[in-house]
file my_file13.pdb (PDB, C-alpha atoms and all ligand atoms)
ATOM      1  CA  MET A   1      -4.790 -22.426  27.270  1.00  0.00           C
ATOM      2  CA  HIS A   2      -4.588 -23.371  23.629  1.00  0.00           C
ATOM      3  CA  ASP A   3      -1.146 -24.562  22.673  1.00  0.00           C
ATOM      4  CA  PRO A   4      -0.182 -22.773  19.451  1.00  0.00           C
ATOM      5  CA  ARG A   5       2.748 -25.071  18.734  1.00  0.00           C
ATOM      6  CA  PRO A   6       0.904 -27.692  16.621  1.00  0.00           C
ATOM      7  CA  GLY A   7      -0.387 -24.886  14.442  1.00  0.00           C
ATOM      8  CA  LEU A   8       3.074 -23.410  14.211  1.00  0.00           C
ATOM      9  CA  ARG A   9       4.536 -26.778  13.269  1.00  0.00           C
ATOM     10  CA  ARG A  10       1.910 -27.174  10.537  1.00  0.00           C
ATOM     11  CA  ALA A  11       2.637 -23.680   9.275  1.00  0.00           C
ATOM     12  CA  SER A  12       6.353 -24.411   9.382  1.00  0.00           C
ATOM     13  CA  ARG A  13       5.913 -27.592   7.356  1.00  0.00           C
ATOM     14  CA  ALA A  14       3.692 -25.763   4.861  1.00  0.00           C
ATOM     15  CA  LEU A  15       6.292 -23.028   4.532  1.00  0.00           C
ATOM     16  CA  ALA A  16       9.074 -25.546   4.039  1.00  0.00           C
ATOM     17  CA  ALA A  17       7.040 -27.305   1.361  1.00  0.00           C
ATOM     18  CA  THR A  18       6.321 -24.025  -0.352  1.00  0.00           C
ATOM     19  CA  LEU A  19       9.978 -23.044  -0.281  1.00  0.00           C
ATOM     20  CA  ALA A  20      10.973 -26.428  -1.648  1.00  0.00           C
ATOM     21  CA  TYR A  21       8.470 -26.004  -4.460  1.00  0.00           C
ATOM     22  CA  LEU A  22       9.746 -22.524  -5.207  1.00  0.00           C
ATOM     23  CA  VAL A  23      13.349 -23.713  -5.312  1.00  0.00           C
ATOM     24  CA  LEU A  24      12.442 -26.557  -7.667  1.00  0.00           C
ATOM     25  CA  ALA A  25      10.316 -24.249  -9.779  1.00  0.00           C
ATOM     26  CA  SER A  26      13.196 -21.827 -10.085  1.00  0.00           C
ATOM     27  CA  PHE A  27      15.427 -24.560 -11.493  1.00  0.00           C
ATOM     28  CA  THR A  28      12.841 -25.897 -13.936  1.00  0.00           C
ATOM     29  CA  ALA A  29      11.855 -22.390 -15.037  1.00  0.00           C
ATOM     30  CA  ARG A  30      15.264 -21.830 -16.580  1.00  0.00           C
ATOM     31  CA  GLU A  31      14.608 -24.635 -19.019  1.00  0.00           C
ATOM     32  CA  ASP A  32      11.217 -23.361 -20.083  1.00  0.00           C
ATOM     33  CA  GLY A  33      10.078 -20.644 -22.460  1.00  0.00           C
ATOM     34  CA  ALA A  34      10.247 -16.878 -22.369  1.00  0.00           C
ATOM     35  CA  ALA A  35       7.695 -16.365 -19.599  1.00  0.00           C
ATOM     36  CA  ALA A  36       9.479 -18.796 -17.287  1.00  0.00           C
ATOM     37  CA  ALA A  37      12.826 -17.214 -18.118  1.00  0.00           C
ATOM     38  CA  SER A  38      11.509 -13.788 -17.166  1.00  0.00           C
ATOM     39  CA  THR A  39      10.348 -15.225 -13.854  1.00  0.00           C
ATOM     40  CA  ALA A  40      13.809 -16.557 -13.131  1.00  0.00           C
ATOM     41  CA  ASP A  41      15.283 -13.249 -14.226  1.00  0.00           C
ATOM     42  CA  ALA A  42      12.988 -11.399 -11.846  1.00  0.00           C
ATOM     43  CA  LEU A  43      13.995 -13.594  -8.942  1.00  0.00           C
ATOM     44  CA  GLN A  44      17.656 -13.110  -9.786  1.00  0.00           C
ATOM     45  CA  ARG A  45      17.148  -9.352  -9.820  1.00  0.00           C
ATOM     46  CA  LEU A  46      15.473  -9.515  -6.417  1.00  0.00           C
ATOM     47  CA  GLN A  47      18.260 -11.662  -5.018  1.00  0.00           C
ATOM     48  CA  ALA A  48      20.933  -9.396  -6.467  1.00  0.00           C
ATOM     49  CA  GLY A  49      19.164  -6.375  -5.022  1.00  0.00           C
ATOM     50  CA  ASN A  50      19.064  -7.992  -1.632  1.00  0.00           C
ATOM     51  CA  VAL A  51      22.767  -8.747  -1.813  1.00  0.00           C
ATOM     52  CA  ARG A  52      23.397  -5.033  -2.416  1.00  0.00           C
ATOM     53  CA  PHE A  53      21.095  -4.161   0.498  1.00  0.00           C
ATOM     54  CA  VAL A  54      22.871  -6.570   2.831  1.00  0.00           C
ATOM     55  CA  ARG A  55      26.184  -4.961   1.896  1.00  0.00           C
ATOM     56  CA  ALA A  56      24.707  -1.506   2.564  1.00  0.00           C
ATOM     57  CA  VAL A  57      23.444  -2.606   5.973  1.00  0.00           C
ATOM     58  CA  ALA A  58      26.838  -4.100   6.835  1.00  0.00           C
ATOM     59  CA  ALA A  59      28.557  -0.878   5.743  1.00  0.00           C
ATOM     60  CA  GLY A  60      26.181   1.278   7.789  1.00  0.00           C
ATOM     61  CA  ASP A  61      24.889   2.988   4.650  1.00  0.00           C
ATOM     62  CA  VAL A  62      21.249   2.376   5.573  1.00  0.00           C
ATOM     63  CA  PRO A  63      20.329   5.253   7.910  1.00  0.00           C
ATOM     64  CA  VAL A  64      17.804   3.611  10.194  1.00  0.00           C
ATOM     65  CA  LEU A  65      17.229  -0.066  10.807  1.00  0.00           C
ATOM     66  CA  GLU A  66      15.396  -1.025  13.956  1.00  0.00           C
ATOM     67  CA  GLN A  67      17.082  -3.586  16.139  1.00  0.00           C
ATOM     68  CA  SER A  68      15.450  -6.984  16.237  1.00  0.00           C
ATOM     69  CA  GLY A  69      12.467  -6.908  18.583  1.00  0.00           C
ATOM     70  CA  ALA A  70      12.397  -3.132  18.852  1.00  0.00           C
ATOM     71  CA  THR A  71       9.253  -1.224  17.957  1.00  0.00           C
ATOM     72  CA  ALA A  72       9.355   1.005  14.914  1.00  0.00           C
ATOM     73  CA  THR A  73       8.391   4.630  15.422  1.00  0.00           C
ATOM     74  CA  PRO A  74       7.224   5.866  12.013  1.00  0.00           C
ATOM     75  CA  VAL A  75       6.756   9.598  11.534  1.00  0.00           C
ATOM     76  CA  ALA A  76       3.752   9.077   9.303  1.00  0.00           C
ATOM     77  CA  ALA A  77       1.419   6.483   7.867  1.00  0.00           C
ATOM     78  CA  VAL A  78       0.828   6.527   4.125  1.00  0.00           C
ATOM     79  CA  LEU A  79      -2.029   4.834   2.296  1.00  0.00           C
ATOM     80  CA  SER A  80      -1.268   4.857  -1.398  1.00  0.00           C
ATOM     81  CA  CYS A  81      -1.818   3.030  -4.663  1.00  0.00           C
ATOM     82  CA  ALA A  82      -0.049  -0.272  -5.249  1.00  0.00           C
ATOM     83  CA  ASP A  83       1.209   1.065  -8.598  1.00  0.00           C
ATOM     84  CA  ALA A  84       4.900   0.130  -8.802  1.00  0.00           C
ATOM     85  CA  ARG A  85       5.879   3.702  -9.696  1.00  0.00           C
ATOM     86  CA  THR A  86       4.488   5.248  -6.539  1.00  0.00           C
ATOM     87  CA  ALA A  87       6.553   3.779  -3.709  1.00  0.00           C
ATOM     88  CA  PRO A  88       6.144   6.234  -0.800  1.00  0.00           C
ATOM     89  CA  GLU A  89       9.523   5.346   0.732  1.00  0.00           C
ATOM     90  CA  ILE A  90      11.264   6.508  -2.440  1.00  0.00           C
ATOM     91  CA  ILE A  91       9.027   9.504  -3.153  1.00  0.00           C
ATOM     92  CA  PHE A  92       9.485  10.872   0.371  1.00  0.00           C
ATOM     93  CA  GLY A  93      13.136   9.881   0.707  1.00  0.00           C
ATOM     94  CA  ALA A  94      12.341   7.772   3.758  1.00  0.00           C
ATOM     95  CA  ALA A  95      14.591   5.319   5.542  1.00  0.00           C
ATOM     96  CA  PRO A  96      13.428   1.936   6.836  1.00  0.00           C
ATOM     97  CA  GLY A  97      11.180   2.569   9.825  1.00  0.00           C
ATOM     98  CA  ASP A  98      10.268   6.142   8.855  1.00  0.00           C
ATOM     99  CA  LEU A  99       6.938   5.339   7.239  1.00  0.00           C
ATOM    100  CA  PHE A 100       4.099   2.944   7.956  1.00  0.00           C
ATOM    101  CA  VAL A 101       2.965   2.143   4.439  1.00  0.00           C
ATOM    102  CA  VAL A 102      -0.272   0.458   3.394  1.00  0.00           C
ATOM    103  CA  ARG A 103      -0.990   0.057  -0.303  1.00  0.00           C
ATOM    104  CA  SER A 104      -3.854  -1.145  -2.473  1.00  0.00           C
ATOM    105  CA  LEU A 105      -4.840  -0.374  -6.039  1.00  0.00           C
ATOM    106  CA  GLY A 106      -6.547   3.002  -6.063  1.00  0.00           C
ATOM    107  CA  GLN A 107      -5.832   3.162  -2.294  1.00  0.00           C
ATOM    108  CA  VAL A 108      -9.162   1.422  -1.819  1.00  0.00           C
ATOM    109  CA  VAL A 109     -10.117   0.846   1.797  1.00  0.00           C
ATOM    110  CA  ASP A 110     -11.156  -2.505   3.183  1.00  0.00           C
ATOM    111  CA  ARG A 111     -11.138  -3.893   6.725  1.00  0.00           C
ATOM    112  CA  ALA A 112      -7.510  -5.001   6.484  1.00  0.00           C
ATOM    113  CA  VAL A 113      -6.483  -1.484   5.477  1.00  0.00           C
ATOM    114  CA  VAL A 114      -8.489   0.095   8.285  1.00  0.00           C
ATOM    115  CA  GLY A 115      -7.093  -2.355  10.825  1.00  0.00           C
ATOM    116  CA  SER A 116      -3.536  -1.743   9.671  1.00  0.00           C
ATOM    117  CA  LEU A 117      -3.912   2.023   9.992  1.00  0.00           C
ATOM    118  CA  GLU A 118      -5.588   1.680  13.370  1.00  0.00           C
ATOM    119  CA  HIS A 119      -2.518  -0.259  14.481  1.00  0.00           C
ATOM    120  CA  ALA A 120      -0.283   2.551  13.232  1.00  0.00           C
ATOM    121  CA  VAL A 121      -2.230   5.185  15.143  1.00  0.00           C
ATOM    122  CA  GLU A 122      -3.209   3.323  18.289  1.00  0.00           C
ATOM    123  CA  SER A 123      -0.157   1.125  18.873  1.00  0.00           C
ATOM    124  CA  LEU A 124       2.654   3.008  17.147  1.00  0.00           C
ATOM    125  CA  HIS A 125       1.239   6.481  17.901  1.00  0.00           C
ATOM    126  CA  VAL A 126       1.764   7.705  14.361  1.00  0.00           C
ATOM    127  CA  PRO A 127       0.637  11.360  14.374  1.00  0.00           C
ATOM    128  CA  THR A 128       0.040  11.862  10.648  1.00  0.00           C
ATOM    129  CA  LEU A 129      -1.831   9.910   8.016  1.00  0.00           C
ATOM    130  CA  VAL A 130      -1.433  10.731   4.336  1.00  0.00           C
ATOM    131  CA  VAL A 131      -3.746   9.296   1.681  1.00  0.00           C
ATOM    132  CA  MET A 132      -1.923   9.625  -1.623  1.00  0.00           C
ATOM    133  CA  GLY A 133      -3.333   9.266  -5.108  1.00  0.00           C
ATOM    134  CA  HIS A 134      -1.318   9.703  -8.284  1.00  0.00           C
ATOM    135  CA  ASP A 135      -1.590  10.840 -11.872  1.00  0.00           C
ATOM    136  CA  ALA A 136      -2.611   8.403 -14.590  1.00  0.00           C
ATOM    137  CA  CYS A 137      -3.814   5.909 -11.985  1.00  0.00           C
ATOM    138  CA  SER A 138      -4.943   2.876 -13.969  1.00  0.00           C
ATOM    139  CA  ALA A 139      -7.373   1.815 -11.241  1.00  0.00           C
ATOM    140  CA  VAL A 140      -9.106   5.188 -11.188  1.00  0.00           C
ATOM    141  CA  THR A 141      -9.051   5.326 -14.978  1.00  0.00           C
ATOM    142  CA  ALA A 142     -10.756   1.936 -15.090  1.00  0.00           C
ATOM    143  CA  ALA A 143     -13.389   3.250 -12.693  1.00  0.00           C
ATOM    144  CA  THR A 144     -14.103   6.181 -14.994  1.00  0.00           C
ATOM    145  CA  ASP A 145     -14.788   3.801 -17.860  1.00  0.00           C
ATOM    146  CA  SER A 146     -18.246   2.283 -17.722  1.00  0.00           C
ATOM    147  CA  HIS A 147     -17.288  -0.109 -20.530  1.00  0.00           C
ATOM    148  CA  THR A 148     -14.545  -1.873 -18.601  1.00  0.00           C
ATOM    149  CA  SER A 149     -14.118  -5.440 -19.815  1.00  0.00           C
ATOM    150  CA  ALA A 150     -14.961  -8.370 -17.592  1.00  0.00           C
ATOM    151  CA  LEU A 151     -13.005  -8.342 -14.339  1.00  0.00           C
ATOM    152  CA  SER A 152     -12.465 -10.892 -11.641  1.00  0.00           C
ATOM    153  CA  ALA A 153     -14.753 -10.502  -8.650  1.00  0.00           C
ATOM    154  CA  HIS A 154     -11.983  -8.933  -6.574  1.00  0.00           C
ATOM    155  CA  LEU A 155     -10.922  -6.431  -9.229  1.00  0.00           C
ATOM    156  CA  ASP A 156     -14.575  -5.610  -9.807  1.00  0.00           C
ATOM    157  CA  TYR A 157     -14.839  -4.831  -6.083  1.00  0.00           C
ATOM    158  CA  LEU A 158     -11.897  -2.431  -6.367  1.00  0.00           C
ATOM    159  CA  VAL A 159     -13.228  -0.631  -9.409  1.00  0.00           C
ATOM    160  CA  LYS A 160     -16.727  -0.292  -7.980  1.00  0.00           C
ATOM    161  CA  ALA A 161     -15.329   1.083  -4.712  1.00  0.00           C
ATOM    162  CA  ILE A 162     -13.453   3.782  -6.642  1.00  0.00           C
ATOM    163  CA  ARG A 163     -16.411   4.489  -8.915  1.00  0.00           C
ATOM    164  CA  ALA A 164     -18.635   5.085  -5.881  1.00  0.00           C
ATOM    165  CA  GLY A 165     -16.398   7.987  -4.873  1.00  0.00           C
ATOM    166  CA  LEU A 166     -16.468   9.776  -8.198  1.00  0.00           C
ATOM    167  CA  PRO A 167     -18.538  12.955  -8.452  1.00  0.00           C
ATOM    168  CA  HIS A 168     -22.216  12.013  -8.576  1.00  0.00           C
ATOM    169  CA  GLY A 169     -21.124   8.375  -8.779  1.00  0.00           C
ATOM    170  CA  ALA A 170     -20.819   8.856 -12.541  1.00  0.00           C
ATOM    171  CA  ALA A 171     -18.624   6.917 -14.918  1.00  0.00           C
ATOM    172  CA  ASP A 172     -17.051   8.057 -18.192  1.00  0.00           C
ATOM    173  CA  GLN A 173     -15.238  10.976 -16.575  1.00  0.00           C
ATOM    174  CA  GLN A 174     -12.604  12.523 -18.827  1.00  0.00           C
ATOM    175  CA  ASP A 175     -10.829  14.353 -16.014  1.00  0.00           C
ATOM    176  CA  VAL A 176      -8.671  11.635 -14.463  1.00  0.00           C
ATOM    177  CA  ARG A 177      -6.900  14.098 -12.160  1.00  0.00           C
ATOM    178  CA  GLY A 178     -10.249  15.296 -10.835  1.00  0.00           C
ATOM    179  CA  ALA A 179     -11.330  11.697 -10.400  1.00  0.00           C
ATOM    180  CA  VAL A 180      -8.162  10.873  -8.445  1.00  0.00           C
ATOM    181  CA  LEU A 181      -8.675  13.869  -6.143  1.00  0.00           C
ATOM    182  CA  ALA A 182     -12.272  12.839  -5.577  1.00  0.00           C
ATOM    183  CA  ASN A 183     -11.107   9.302  -4.891  1.00  0.00           C
ATOM    184  CA  VAL A 184      -8.598  10.500  -2.275  1.00  0.00           C
ATOM    185  CA  GLU A 185     -11.279  12.513  -0.536  1.00  0.00           C
ATOM    186  CA  GLN A 186     -13.615   9.529  -0.624  1.00  0.00           C
ATOM    187  CA  VAL A 187     -10.922   7.268   0.815  1.00  0.00           C
ATOM    188  CA  ILE A 188     -10.375   9.653   3.729  1.00  0.00           C
ATOM    189  CA  ASN A 189     -14.109   9.717   4.352  1.00  0.00           C
ATOM    190  CA  ASP A 190     -14.240   5.920   4.126  1.00  0.00           C
ATOM    191  CA  LEU A 191     -11.409   5.561   6.644  1.00  0.00           C
ATOM    192  CA  LEU A 192     -12.882   7.956   9.172  1.00  0.00           C
ATOM    193  CA  GLY A 193     -16.372   6.648   8.605  1.00  0.00           C
ATOM    194  CA  ALA A 194     -15.306   3.047   9.138  1.00  0.00           C
ATOM    195  CA  SER A 195     -13.032   3.550  12.115  1.00  0.00           C
ATOM    196  CA  PRO A 196     -14.205   5.059  15.414  1.00  0.00           C
ATOM    197  CA  ALA A 197     -10.576   4.813  16.577  1.00  0.00           C
ATOM    198  CA  LEU A 198      -9.236   6.947  13.725  1.00  0.00           C
ATOM    199  CA  ARG A 199     -12.131   9.370  14.097  1.00  0.00           C
ATOM    200  CA  ALA A 200     -11.471   9.759  17.811  1.00  0.00           C
ATOM    201  CA  ALA A 201      -7.764  10.283  17.144  1.00  0.00           C
ATOM    202  CA  VAL A 202      -8.553  13.115  14.728  1.00  0.00           C
ATOM    203  CA  GLU A 203     -11.118  14.691  17.040  1.00  0.00           C
ATOM    204  CA  SER A 204      -8.744  14.588  19.996  1.00  0.00           C
ATOM    205  CA  GLY A 205      -5.916  16.137  18.001  1.00  0.00           C
ATOM    206  CA  ARG A 206      -3.710  13.026  18.119  1.00  0.00           C
ATOM    207  CA  LEU A 207      -3.943  12.476  14.370  1.00  0.00           C
ATOM    208  CA  THR A 208      -3.748  14.759  11.365  1.00  0.00           C
ATOM    209  CA  VAL A 209      -5.038  13.425   8.058  1.00  0.00           C
ATOM    210  CA  ALA A 210      -4.030  14.900   4.728  1.00  0.00           C
ATOM    211  CA  GLY A 211      -4.767  14.040   1.134  1.00  0.00           C
ATOM    212  CA  ALA A 212      -1.950  14.063  -1.396  1.00  0.00           C
ATOM    213  CA  TYR A 213      -1.486  13.866  -5.154  1.00  0.00           C
ATOM    214  CA  TYR A 214       1.721  12.544  -6.714  1.00  0.00           C
ATOM    215  CA  GLU A 215       2.775  13.779 -10.133  1.00  0.00           C
ATOM    216  CA  SER A 216       5.035  11.210 -11.756  1.00  0.00           C
ATOM    217  CA  GLY A 217       6.410  13.606 -14.371  1.00  0.00           C
ATOM    218  CA  THR A 218       7.995  15.925 -11.815  1.00  0.00           C
ATOM    219  CA  GLY A 219       8.035  13.695  -8.758  1.00  0.00           C
ATOM    220  CA  LYS A 220       6.193  16.391  -6.839  1.00  0.00           C
ATOM    221  CA  VAL A 221       3.563  15.660  -4.207  1.00  0.00           C
ATOM    222  CA  VAL A 222       0.830  18.248  -3.641  1.00  0.00           C
ATOM    223  CA  PHE A 223      -0.833  18.079  -0.233  1.00  0.00           C
ATOM    224  CA  SER A 224      -4.320  19.078   0.787  1.00  0.00           C
ATOM    225  CA  SER A 225      -4.995  21.160   3.860  1.00  0.00           C
ATOM    226  CA  PRO A 226      -4.449  18.822   6.798  1.00  0.00           C
ATOM    227  CA  VAL A 227      -7.909  18.229   8.150  1.00  0.00           C
ATOM    228  CA  GLY A 228     -10.189  15.409   9.129  1.00  0.00           C
ATOM    229  CA  ARG A 229     -13.232  14.598   7.111  1.00  0.00           C
ATOM    230  CA  THR A 230     -12.857  16.909   4.143  1.00  0.00           C
ATOM    231  CA  THR A 231     -10.056  17.819   1.790  1.00  0.00           C
ATOM    232  CA  SER A 232      -9.515  20.584  -0.716  1.00  0.00           C
ATOM    233  CA  TRP A 233      -6.811  21.396  -3.235  1.00  0.00           C
TER     234      TRP A 233
HETATM  235 ZN    ZN A 301      -2.835   3.866  -9.144  1.00  0.00          ZN
END
call {"tool": "encode", "arguments": {"input": "my_file13.pdb", "output": "structure tokens"}}
result
Amino acid sequence: MHDPRPGLRRASRALAATLAYLVLASFTAREDGAAAASTADALQRLQAGNVRFVRAVAAGDVPVLEQSGATATPVAAVLSCADARTAPEIIFGAAPGDLFVVRSLGQVVDRAVVGSLEHAVESLHVPTLVVMGHDACSAVTAATDSHTSALSAHLDYLVKAIRAGLPHGAADQQDVRGAVLANVEQVINDLLGASPALRAAVESGRLTVAGAYYESGTGKVVFSSPVGRTTSW
């Protein structure tokens, strides 16, 4: 049988080198200009936040933290936009382990997303999958604009995937909310169309799929009727 240890040692060395670079970069960044300073500031904020989290864990203020090696048992899987304002754990008041969260801009589906959600349903037995869009989604807005400036190949893939789910495949839609709802419905169709495992889970009653729309102004989430292949608001 293949011995994974050489690969692990290589990965370990690569990680150590990366960490060393990051540590050095963090020291040099403080002597550079504004952009570098903001990078150092961001890292300091992350580190300070983690210190607060560690204290909360030690004090027992974090409701649920799985023991090392234990399997998480999320109550739901959520596929949502990567937009920093739409963190499902915060929106749904969830504790660590409550949600299995997968995020991409515009909640666009690719094979990694499908595989991750299949893991949630098949291995973790998550009974509910929510696909959540949100108001003023910049990714969906970009897809409604046929005059979008030049994008990288990967961003172009994202925008085209969203655009394909808009009504009649048309661009230049003024109704961003309508476009987001159409996108959520398309994403659900994409998931179930791409994954026989998810489709079988829905058809057997093991999985409920619902669309959702998050309104940032109020914080409210509106859900669609929990069904399989179609959604309606
Ligand atoms: Zn978004």
call {"tool": "resolve_selection", "arguments": {"input": "my_file13.pdb", "expression": "the PyMOL selection byres (((chain A and resi 107-110) around 10) and not hetatm)", "output": "ChimeraX atom specification"}}
result
/A:78-83,102-106,111-115,131-134,139-140,157-162,183-184,186-188,190-191,194
call {"tool": "closest_residue", "arguments": {"input": "my_file13.pdb", "among": "A:Ala40, A:Val121, A:Ala153, A:Ala95", "to": "Thr208 of chain A", "atoms": "all atoms listed in the file"}}
result
A:Val121
call {"tool": "resolve_selection", "arguments": {"input": "my_file13.pdb", "expression": "the PyMOL selection byres (((chain A and resi 141) around 9) and not hetatm)", "output": "count of residues only"}}
result
14
call {"tool": "closest_residue", "arguments": {"input": "my_file13.pdb", "among": "A:Ser216, A:Ser152, A:Thr128, A:Thr39", "to": "ligand ZN 301 (chain A)", "atoms": "all atoms listed in the file"}}
result
A:Ser216
call {"tool": "closest_residue", "arguments": {"input": "my_file13.pdb", "among": "A:Pro167, A:Pro196, A:Gly217, A:Pro88", "to": "Glu118 of chain A", "atoms": "all atoms listed in the file"}}
result
A:Pro196
call {"tool": "atom_distance", "arguments": {"input": "my_file13.pdb", "atom1": "atom CA of Ala94 of chain A", "atom2": "atom CA of Val75 of chain A"}}
result
9.7 Å
call {"tool": "atom_distance", "arguments": {"input": "my_file13.pdb", "atom1": "atom CA of Leu198 of chain A", "atom2": "atom CA of Gly178 of chain A"}}
result
26.0 Å
call {"tool": "closest_residue", "arguments": {"input": "my_file13.pdb", "among": "A:Asp135, A:Glu203, A:Asp175, A:Asp98", "to": "ligand ZN 301 (chain A)", "atoms": "all atoms listed in the file"}}
result
A:Asp135
call {"tool": "closest_residue", "arguments": {"input": "my_file13.pdb", "among": "A:Ala150, A:Leu43, A:Leu181, A:Leu129", "to": "ligand ZN 301 (chain A)", "atoms": "all atoms listed in the file"}}
result
A:Leu181
call {"tool": "atom_distance", "arguments": {"input": "my_file13.pdb", "atom1": "atom CA of Ala72 of chain A", "atom2": "atom CA of Phe223 of chain A"}}
result
25.0 Å
call {"tool": "closest_residue", "arguments": {"input": "my_file13.pdb", "among": "A:Leu151, A:Ala48, A:Ala84, A:Val126", "to": "ligand ZN 301 (chain A)", "atoms": "all atoms listed in the file"}}
result
A:Ala84
call {"tool": "residues_around", "arguments": {"input": "my_file13.pdb", "residues": "Leu207 of chain A", "least_positions_apart": "4", "cutoff": "12 Å", "atoms": "all atoms listed in the file", "output": "NGL selection string"}}
result
:A and (75-77 or 117-118 or 120-122 or 124-130 or 192 or 197-203 or 226-229)
call {"tool": "resolve_selection", "arguments": {"input": "my_file13.pdb", "expression": "the PyMOL selection byres (((chain A and resi 91) around 9) and not hetatm)", "output": "list in words"}}
result
Thr86, Ala87, Pro88, Glu89, Ile90, Phe92, Gly93, Ala94, Tyr214, Gly219, Lys220 and Val221 of chain A
